[in-house]
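Chemist: One file: structure14.csv (CSV, C-alpha atoms).
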```csv
chain,number,residue,atom,x,y,z
H,1,MET,CA,-34.3,-30.9,-10.5
H,2,ASP,CA,-31.8,-31.0,-7.7
H,3,ILE,CA,-29.8,-27.9,-8.7
H,4,TYR,CA,-27.4,-28.3,-5.7
H,5,LYS,CA,-26.3,-31.8,-6.8
H,6,ILE,CA,-26.0,-30.7,-10.4
H,7,LEU,CA,-23.8,-27.7,-9.5
H,8,GLN,CA,-21.6,-29.8,-7.3
H,9,ALA,CA,-21.2,-32.2,-10.2
H,10,THR,CA,-19.9,-29.4,-12.5
H,11,ILE,CA,-16.8,-29.1,-10.3
H,12,CYS,CA,-16.3,-32.7,-9.4
H,13,PRO,CA,-13.1,-34.6,-10.5
H,14,ASN,CA,-15.1,-37.2,-12.5
H,15,ALA,CA,-15.1,-36.0,-16.1
H,16,GLU,CA,-18.2,-38.0,-17.1
H,17,ASP,CA,-20.3,-36.6,-14.2
H,18,ARG,CA,-18.9,-33.1,-14.8
H,19,ASN,CA,-19.8,-33.2,-18.6
H,20,THR,CA,-23.3,-34.6,-17.8
H,21,ALA,CA,-24.0,-31.8,-15.4
H,22,ILE,CA,-22.8,-29.1,-17.7
H,23,LYS,CA,-24.9,-30.5,-20.6
H,24,PHE,CA,-27.9,-30.5,-18.3
H,25,LEU,CA,-27.4,-26.8,-17.4
H,26,GLU,CA,-27.0,-25.9,-21.0
H,27,SER,CA,-30.2,-27.8,-21.9
H,28,ALA,CA,-32.1,-26.2,-19.1
H,29,ALA,CA,-31.0,-22.7,-20.2
H,30,ALA,CA,-32.4,-23.5,-23.6
H,31,THR,CA,-35.7,-25.2,-22.6
H,32,ASN,CA,-36.5,-24.0,-19.0
H,33,TYR,CA,-35.0,-20.6,-19.0
H,34,ASN,CA,-37.1,-19.0,-16.2
H,35,GLU,CA,-36.8,-22.1,-14.0
H,36,ILE,CA,-33.0,-22.4,-14.2
H,37,ILE,CA,-32.5,-18.7,-13.6
H,38,GLU,CA,-34.6,-18.8,-10.5
H,39,ALA,CA,-32.9,-22.0,-9.3
H,40,LEU,CA,-29.5,-20.5,-9.7
H,41,ALA,CA,-30.4,-17.2,-8.0
H,42,LEU,CA,-31.9,-19.0,-5.1
H,43,THR,CA,-28.8,-21.2,-4.7
H,44,LEU,CA,-26.5,-18.1,-4.8
H,45,ALA,CA,-28.7,-16.4,-2.1
H,46,ASN,CA,-28.8,-19.5,0.1
H,47,THR,CA,-26.3,-18.8,2.9
H,48,GLU,CA,-26.7,-22.3,4.4
H,49,ILE,CA,-25.0,-24.1,1.6
H,50,ASP,CA,-21.2,-24.2,0.8
H,51,SER,CA,-19.5,-21.2,-0.8
H,52,HIS,CA,-18.2,-23.1,-3.8
H,53,THR,CA,-21.7,-24.3,-4.9
H,54,ARG,CA,-23.1,-20.8,-4.3
H,55,GLY,CA,-20.3,-19.2,-6.3
H,56,THR,CA,-20.8,-21.8,-9.1
H,57,ALA,CA,-24.5,-20.9,-9.3
H,58,GLY,CA,-23.7,-17.2,-9.5
H,59,LEU,CA,-21.1,-17.7,-12.3
H,60,TYR,CA,-23.5,-19.9,-14.3
H,61,LEU,CA,-26.2,-17.2,-14.0
H,62,LYS,CA,-23.7,-14.5,-15.0
H,63,ASN,CA,-22.7,-16.6,-18.0
H,64,MET,CA,-26.3,-16.6,-19.1
H,65,LEU,CA,-26.0,-12.9,-19.6
H,66,VAL,CA,-22.5,-12.4,-21.0
H,67,SER,CA,-20.3,-13.6,-23.8
H,68,ARG,CA,-17.1,-12.7,-25.6
H,69,SER,CA,-19.1,-12.7,-28.8
H,70,ALA,CA,-20.9,-9.4,-29.2
H,71,ALA,CA,-23.6,-11.1,-31.3
H,72,LEU,CA,-24.2,-13.8,-28.7
H,73,LYS,CA,-24.2,-11.3,-25.9
H,74,THR,CA,-26.9,-9.4,-27.6
H,75,VAL,CA,-29.0,-12.5,-27.9
H,76,LEU,CA,-28.5,-13.3,-24.2
H,77,ILE,CA,-29.4,-9.8,-23.1
H,78,ASN,CA,-32.5,-9.8,-25.3
H,79,LYS,CA,-33.6,-13.1,-23.8
H,80,TRP,CA,-33.2,-11.7,-20.3
H,81,LEU,CA,-35.1,-8.6,-21.2
H,82,ALA,CA,-37.9,-10.7,-22.7
H,83,LEU,CA,-38.6,-12.1,-19.2
H,84,ASN,CA,-41.6,-10.7,-17.3
H,85,GLN,CA,-40.5,-7.5,-15.4
H,86,GLU,CA,-41.8,-8.7,-12.1
H,87,PHE,CA,-39.8,-11.9,-12.4
H,88,ARG,CA,-36.6,-9.9,-13.3
H,89,GLU,CA,-37.2,-7.6,-10.3
H,90,LYS,CA,-37.4,-10.7,-8.0
H,91,ILE,CA,-34.1,-12.1,-9.3
H,92,LYS,CA,-32.4,-8.7,-9.0
H,93,ASP,CA,-33.6,-8.3,-5.5
H,94,MET,CA,-32.3,-11.8,-4.5
H,95,VAL,CA,-28.9,-11.0,-6.1
H,96,ILE,CA,-28.4,-7.6,-4.4
H,97,ARG,CA,-29.3,-9.0,-1.0
H,98,THR,CA,-26.5,-11.6,-1.5
H,99,LEU,CA,-23.9,-8.8,-1.4
H,100,GLY,CA,-21.7,-9.3,1.7
H,101,THR,CA,-22.9,-12.9,2.4
H,102,GLU,CA,-20.2,-14.7,0.3
H,103,LYS,CA,-17.1,-16.2,2.0
H,104,THR,CA,-15.0,-16.0,-1.2
H,105,SER,CA,-13.4,-13.2,-3.0
H,106,PRO,CA,-13.8,-11.6,-5.5
H,107,SER,CA,-17.6,-11.4,-5.1
H,108,VAL,CA,-19.6,-13.4,-7.6
H,109,SER,CA,-22.7,-11.3,-6.7
H,110,ALA,CA,-20.8,-8.1,-7.6
H,111,GLN,CA,-19.9,-9.6,-11.0
H,112,LEU,CA,-23.4,-10.7,-11.6
H,113,ILE,CA,-24.9,-7.4,-10.6
H,114,SER,CA,-22.7,-5.7,-13.2
H,115,ALA,CA,-23.8,-8.2,-15.9
H,116,ILE,CA,-27.5,-7.5,-15.1
H,117,ALA,CA,-26.8,-3.8,-15.0
H,118,TYR,CA,-25.2,-4.0,-18.5
H,119,ALA,CA,-28.5,-5.4,-19.8
H,120,GLU,CA,-30.9,-3.2,-17.8
H,121,PHE,CA,-29.3,0.3,-17.8
H,122,PRO,CA,-29.5,1.0,-21.6
H,123,ILE,CA,-33.3,0.5,-21.3
H,124,ASN,CA,-33.5,2.7,-18.2
H,125,GLY,CA,-34.0,-0.3,-15.9
H,126,TRP,CA,-32.9,-1.0,-12.4
H,127,HIS,CA,-33.0,2.7,-11.3
H,128,GLU,CA,-32.6,1.8,-7.6
H,129,LEU,CA,-29.3,-0.1,-8.1
H,130,LEU,CA,-26.7,2.6,-7.9
H,131,PRO,CA,-28.4,4.6,-5.1
H,132,SER,CA,-28.6,1.3,-3.2
H,133,LEU,CA,-24.9,0.5,-3.7
H,134,THR,CA,-23.8,4.0,-2.8
H,135,ASN,CA,-25.9,3.9,0.3
H,136,ASN,CA,-24.3,0.6,1.3
H,137,ILE,CA,-20.9,2.2,0.8
H,138,SER,CA,-21.6,5.4,2.7
H,139,ASN,CA,-23.9,4.3,5.5
H,140,ASN,CA,-23.7,0.5,6.0
H,141,THR,CA,-21.6,-0.5,9.0
H,142,ASN,CA,-21.3,-4.1,7.8
H,143,GLN,CA,-17.8,-4.3,6.3
H,144,ASP,CA,-18.7,-7.3,4.1
H,145,ILE,CA,-21.6,-5.5,2.5
H,146,LYS,CA,-19.6,-2.4,2.0
H,147,GLU,CA,-16.7,-4.3,0.4
H,148,ALA,CA,-18.9,-6.2,-2.0
H,149,SER,CA,-20.8,-3.0,-2.9
H,150,ILE,CA,-17.6,-1.2,-3.8
H,151,GLU,CA,-16.6,-4.2,-5.9
H,152,ALA,CA,-19.9,-4.0,-7.7
H,153,VAL,CA,-19.4,-0.3,-8.4
H,154,GLY,CA,-15.9,-1.0,-9.8
H,155,TYR,CA,-17.3,-3.7,-12.2
H,156,ILE,CA,-20.1,-1.5,-13.3
H,157,CYS,CA,-17.8,1.4,-14.1
H,158,GLN,CA,-15.5,-1.0,-16.0
H,159,ASP,CA,-18.2,-2.8,-18.0
H,160,LEU,CA,-20.8,-0.2,-18.9
H,161,PRO,CA,-20.6,2.6,-21.5
H,162,GLN,CA,-19.7,5.9,-20.0
H,163,GLY,CA,-22.8,7.7,-21.2
H,164,VAL,CA,-25.1,5.3,-19.4
H,165,LEU,CA,-23.6,6.3,-16.0
H,166,THR,CA,-23.1,10.1,-16.5
H,167,GLN,CA,-25.8,11.2,-14.0
H,168,TYR,CA,-24.2,9.0,-11.3
H,169,SER,CA,-20.5,9.7,-11.9
H,170,ALA,CA,-20.0,12.2,-9.1
H,171,ASP,CA,-21.5,10.0,-6.5
H,172,LEU,CA,-19.7,6.9,-7.6
H,173,LEU,CA,-16.3,8.6,-7.7
H,174,SER,CA,-16.9,10.3,-4.4
H,175,ASN,CA,-17.7,6.9,-2.7
H,176,ILE,CA,-14.7,5.2,-4.2
H,177,ILE,CA,-12.3,8.0,-3.1
H,178,GLN,CA,-13.9,8.1,0.4
H,179,CYS,CA,-13.1,4.4,0.8
H,180,MET,CA,-9.5,4.9,-0.3
H,181,LYS,CA,-8.8,7.2,2.6
H,182,LYS,CA,-6.2,6.3,5.3
H,183,ASP,CA,-8.9,6.0,8.0
H,184,GLN,CA,-10.5,3.1,6.2
H,185,SER,CA,-9.6,-0.5,6.9
H,186,ASP,CA,-7.0,-2.1,4.7
H,187,ARG,CA,-9.5,-4.5,3.1
H,188,ILE,CA,-11.8,-1.5,2.2
H,189,ARG,CA,-9.0,0.5,0.9
H,190,SER,CA,-7.8,-2.4,-1.2
H,191,VAL,CA,-11.1,-3.1,-2.9
H,192,ALA,CA,-11.7,0.7,-3.4
H,193,THR,CA,-8.3,1.1,-5.1
H,194,LYS,CA,-9.2,-1.8,-7.4
H,195,ALA,CA,-12.6,-0.2,-8.1
H,196,LEU,CA,-10.8,3.1,-9.0
H,197,PHE,CA,-8.5,1.1,-11.3
H,198,ASN,CA,-11.5,-0.4,-13.0
H,199,SER,CA,-13.1,3.1,-13.3
H,200,LEU,CA,-10.3,5.2,-14.7
H,201,GLU,CA,-11.7,5.4,-18.2
H,202,PHE,CA,-15.1,6.2,-16.7
H,203,VAL,CA,-13.8,9.3,-14.8
H,204,SER,CA,-12.3,11.1,-17.8
H,205,ARG,CA,-14.4,14.2,-17.2
H,206,ASN,CA,-13.1,14.4,-13.7
H,207,PHE,CA,-9.6,14.5,-15.0
H,208,GLU,CA,-10.5,17.7,-16.8
H,209,ILE,CA,-11.3,19.4,-13.5
H,210,ASP,CA,-8.3,20.5,-11.4
H,211,THR,CA,-9.8,19.9,-8.0
H,212,HIS,CA,-11.2,16.5,-8.9
H,213,ARG,CA,-8.0,15.4,-10.6
H,214,ASN,CA,-5.9,16.6,-7.6
H,215,LEU,CA,-8.1,14.6,-5.2
H,216,ILE,CA,-7.8,11.5,-7.3
H,217,MET,CA,-4.0,11.8,-7.6
H,218,GLN,CA,-3.6,12.5,-3.9
H,219,HIS,CA,-5.3,9.2,-2.9
H,220,VAL,CA,-3.7,7.2,-5.7
H,221,CYS,CA,-0.3,8.4,-4.6
H,222,GLU,CA,-1.1,7.6,-1.0
H,223,SER,CA,-2.2,4.1,-2.0
H,224,ALA,CA,1.0,3.6,-4.0
H,225,VAL,CA,3.2,4.1,-0.9
H,226,CYS,CA,0.9,2.2,1.5
H,227,ARG,CA,2.5,-0.4,3.8
H,228,GLU,CA,-0.1,-3.0,2.8
H,229,ARG,CA,1.3,-4.7,-0.3
H,230,SER,CA,-2.0,-5.3,-2.1
H,231,ILE,CA,-3.0,-1.7,-1.8
H,232,ARG,CA,0.5,-0.5,-2.9
H,233,ILE,CA,0.5,-2.7,-6.0
H,234,THR,CA,-2.9,-1.6,-7.1
H,235,GLY,CA,-2.0,2.0,-6.4
H,236,LEU,CA,1.0,1.7,-8.7
H,237,GLN,CA,-1.1,0.0,-11.3
H,238,CYS,CA,-3.5,3.0,-11.1
H,239,LEU,CA,-0.6,5.4,-11.6
H,240,CYS,CA,0.6,3.5,-14.7
H,241,LYS,CA,-2.9,3.5,-16.2
H,242,ILE,CA,-3.5,7.2,-15.3
H,243,VAL,CA,-0.2,8.2,-17.1
H,244,THR,CA,-1.3,6.1,-20.1
H,245,LEU,CA,-4.8,7.6,-20.2
H,246,TYR,CA,-4.2,11.2,-19.1
H,247,TYR,CA,-0.6,11.9,-19.9
H,248,ASN,CA,-1.4,15.5,-20.9
H,249,HIS,CA,-2.4,16.3,-17.3
H,250,MET,CA,0.6,14.7,-15.7
H,251,GLU,CA,3.3,17.3,-16.1
H,252,ALA,CA,2.6,19.1,-12.8
H,253,TYR,CA,2.6,15.9,-10.8
H,254,MET,CA,5.7,14.6,-12.5
H,255,THR,CA,7.5,17.9,-11.7
H,256,GLN,CA,6.5,17.6,-8.0
H,257,ALA,CA,7.7,14.0,-7.9
H,258,LEU,CA,11.1,15.0,-9.3
```
Show how you would write the structure in this file as structure tokens.
Modeler:
Amino acid sequence: MDIYKILQATICPNAEDRNTAIKFLESAAATNYNEIIEALALTLANTEIDSHTRGTAGLYLKNMLVSRSAALKTVLINKWLALNQEFREKIKDMVIRTLGTEKTSPSVSAQLISAIAYAEFPINGWHELLPSLTNNISNNTNQDIKEASIEAVGYICQDLPQGVLTQYSADLLSNIIQCMKKDQSDRIRSVATKALFNSLEFVSRNFEIDTHRNLIMQHVCESAVCRERSIRITGLQCLCKIVTLYYNHMEAYMTQAL
């Protein structure tokens, strides 16, 4: 199986070749589940091949874990969890080491990490993921790794049930807010502001605490007037969403604005 050629064929202009490749991947997922997962993960992790093929591999792998249908999503998750734990650990390790190596945005690896976390966290799996991501954000000097790790945190906060993440909420919010500060680069501030937008439902407890809420609002308001357009737009989107979700806490801030 030449997975590289198959993945390239899925995005080629020729409809017949494209459909043949897609059917092959669907068949492989049904009959050679372990093999296709490993082949896709290896392709995503291979920095020597083109970014489009790597991204396609990551998206196909993600789609083996997610579905708009709740019933099908449960089936896909159970199929993943039925895999040997050692094999799952190997795949997860490959995926997380891919963070920061992609040349495209948004990060496919970050999306895939969130999809795997959705499957693993409810069974208390992948304990090392969030500490690893927060360490990347706080201590890694590689801006690409830092950016992709923030993206992953944003997707995780958006996709996973709040109760699953309770023990990590303080660290996650602290890291997002830290990366929204003015002393960060525009690209880091931009992705951190997007991560906060994705996390706003998740931080409901923090909005009940004055000091936490004030800190969030300070950095959101700073983002909303930033000279960098992408940060400014996302900051304004955050404000709109905050007013919708937490209107009962907004009177003091609205009075100050007026």
Chemist: Could you tell me which of H:Leu196, H:Arg213, H:Glu208, H:Asp186 comes closest to Cys238 (chain H) if we count only C-alpha atoms?
Modeler: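 Checking each candidate against Cys238 (chain H), we get H:Leu196 as the closest.
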Chemist: Determine the axis-aligned bounding box of all atoms of region 102-105 of chain H present in the file, pad each side by 4 Å, and express its centre and edge lengths in Å to one decimal place as AutoDock Vina command-line options.
Modeler:
```
--center_x -16.8 --center_y -14.7 --center_z -0.5 --size_x 14.8 --size_y 11.0 --size_z 13.0
```
Chemist: Using CA of Asp210 (chain H) and CA of Cys226 (chain H) as the two end points, give the distance in Å to one decimal.
Modeler: 24.2 Å
Chemist: Calculate how many Å separate CA of Ile37 (chain H) from CA of Ile77 (chain H), rounding to one decimal.
Modeler: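 Computed distance, CA of Ile37 (chain H) to CA of Ile77 (chain H), equals 13.4 Å.
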Chemist: Looking at only C-alpha atoms, which of H:Glu86, H:Glu151, H:Asp171, H:Glu128 is the one that sits closest to Ala110 (chain H)?
Modeler: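 Closest to Ala110 (chain H), using only C-alpha atoms: H:Glu151.
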Chemist: Do you know which residues are at most 8 Å from Lys146 (chain H) counting only C-alpha atoms, after dropping those on the same chain fewer than 3 positions away, and could you put them as a ChimeraX atom specification?
Modeler: /H:100,136-137,140-143,149-150,188
Chemist: Taking only C-alpha atoms into account, which of H:Ser107, H:Asn78, H:Ser138, H:Ser51 comes nearest Val191 (chain H)?
Modeler: H:Ser107
Chemist: Near Ser169 (chain H), counting only C-alpha atoms, which residues have an atom at most 12 Å away, once you skip same-chain residues fewer than 2 positions from it, shown as an MDAnalysis selection string?
Modeler: chainID H and resid 130:131 134 153:154 156:157 161:167 171:176 199:206 212
Chemist: Would you kindly return, as a VMD selection string, each protein, DNA or RNA residue with an atom no farther than 12 Å from any atom of Ala30 (chain H), considering all atoms listed in the file and excluding same-chain residues fewer than 5 positions away?
Modeler: chain H and resid 23 to 25 35 to 37 64 76 79
Chemist: Which one is closest to Tyr33 (chain H): H:Leu239, H:Leu72, H:Leu83, H:Cys12? Count all atoms listed in the file.
Modeler: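 Ranked by minimum distance to Tyr33 (chain H), first place goes to H:Leu83.
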Chemist: Measuring atom to atom with only C-alpha atoms, identify which of H:Leu245, H:Val66, H:Ala148, H:Cys221 is nearest to Ser105 (chain H).
Modeler: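 Of H:Leu245, H:Val66, H:Ala148, H:Cys221, the one nearest Ser105 (chain H), counting only C-alpha atoms, is H:Ala148.
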Chemist: Using only C-alpha atoms, which residue out of H:Ser132, H:Gln8, H:Thr31, H:Gln184 lies closest to Thr56 (chain H)?
Modeler: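 Closest candidate: H:Gln8.
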Chemist: Calculate how many Å separate CA of Asn46 (chain H) from CA of Asp93 (chain H), rounding to one decimal.
Modeler: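 Value for the CA of Asn46 (chain H)-CA of Asp93 (chain H) distance: 13.4 Å.
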Chemist: Could you pull the residues within 9 Å of Lys90 (chain H), counting all atoms listed in the file, minus those fewer than 5 positions along the same chain, as a PDB file with C-alpha atoms, keeping the file's coordinate frame?
Modeler:
```pdb
ATOM      1  CA  GLU H  38     -34.600 -18.800 -10.500  1.00  0.00           C
ATOM      2  CA  GLN H  85     -40.500  -7.500 -15.400  1.00  0.00           C
ATOM      3  CA  VAL H  95     -28.900 -11.000  -6.100  1.00  0.00           C
TER       4      VAL H  95
END
```
Chemist: Might you pull out every residue within 6 Å of Cys179 (chain H), with all atoms listed in the file counted and same-chain residues fewer than 2 positions away left off, and present them as a PDB file with C-alpha atoms, keeping the file's coordinate frame?
Modeler:
```pdb
ATOM      1  CA  ILE H 176     -14.700   5.200  -4.200  1.00  0.00           C
ATOM      2  CA  ILE H 177     -12.300   8.000  -3.100  1.00  0.00           C
ATOM      3  CA  LYS H 181      -8.800   7.200   2.600  1.00  0.00           C
ATOM      4  CA  ARG H 189      -9.000   0.500   0.900  1.00  0.00           C
ATOM      5  CA  ALA H 192     -11.700   0.700  -3.400  1.00  0.00           C
TER       6      ALA H 192
END
```
Chemist: Every residue with an atom at most 6 Å from (-5.9, 5.8, 1.7) (file coordinates; all atoms listed in the file) is what I'm after, so could you write them as a list in words?
Modeler: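 Within the cut-off we find Met180, Lys181, Lys182, His219, Glu222 and Ser223 of chain H.
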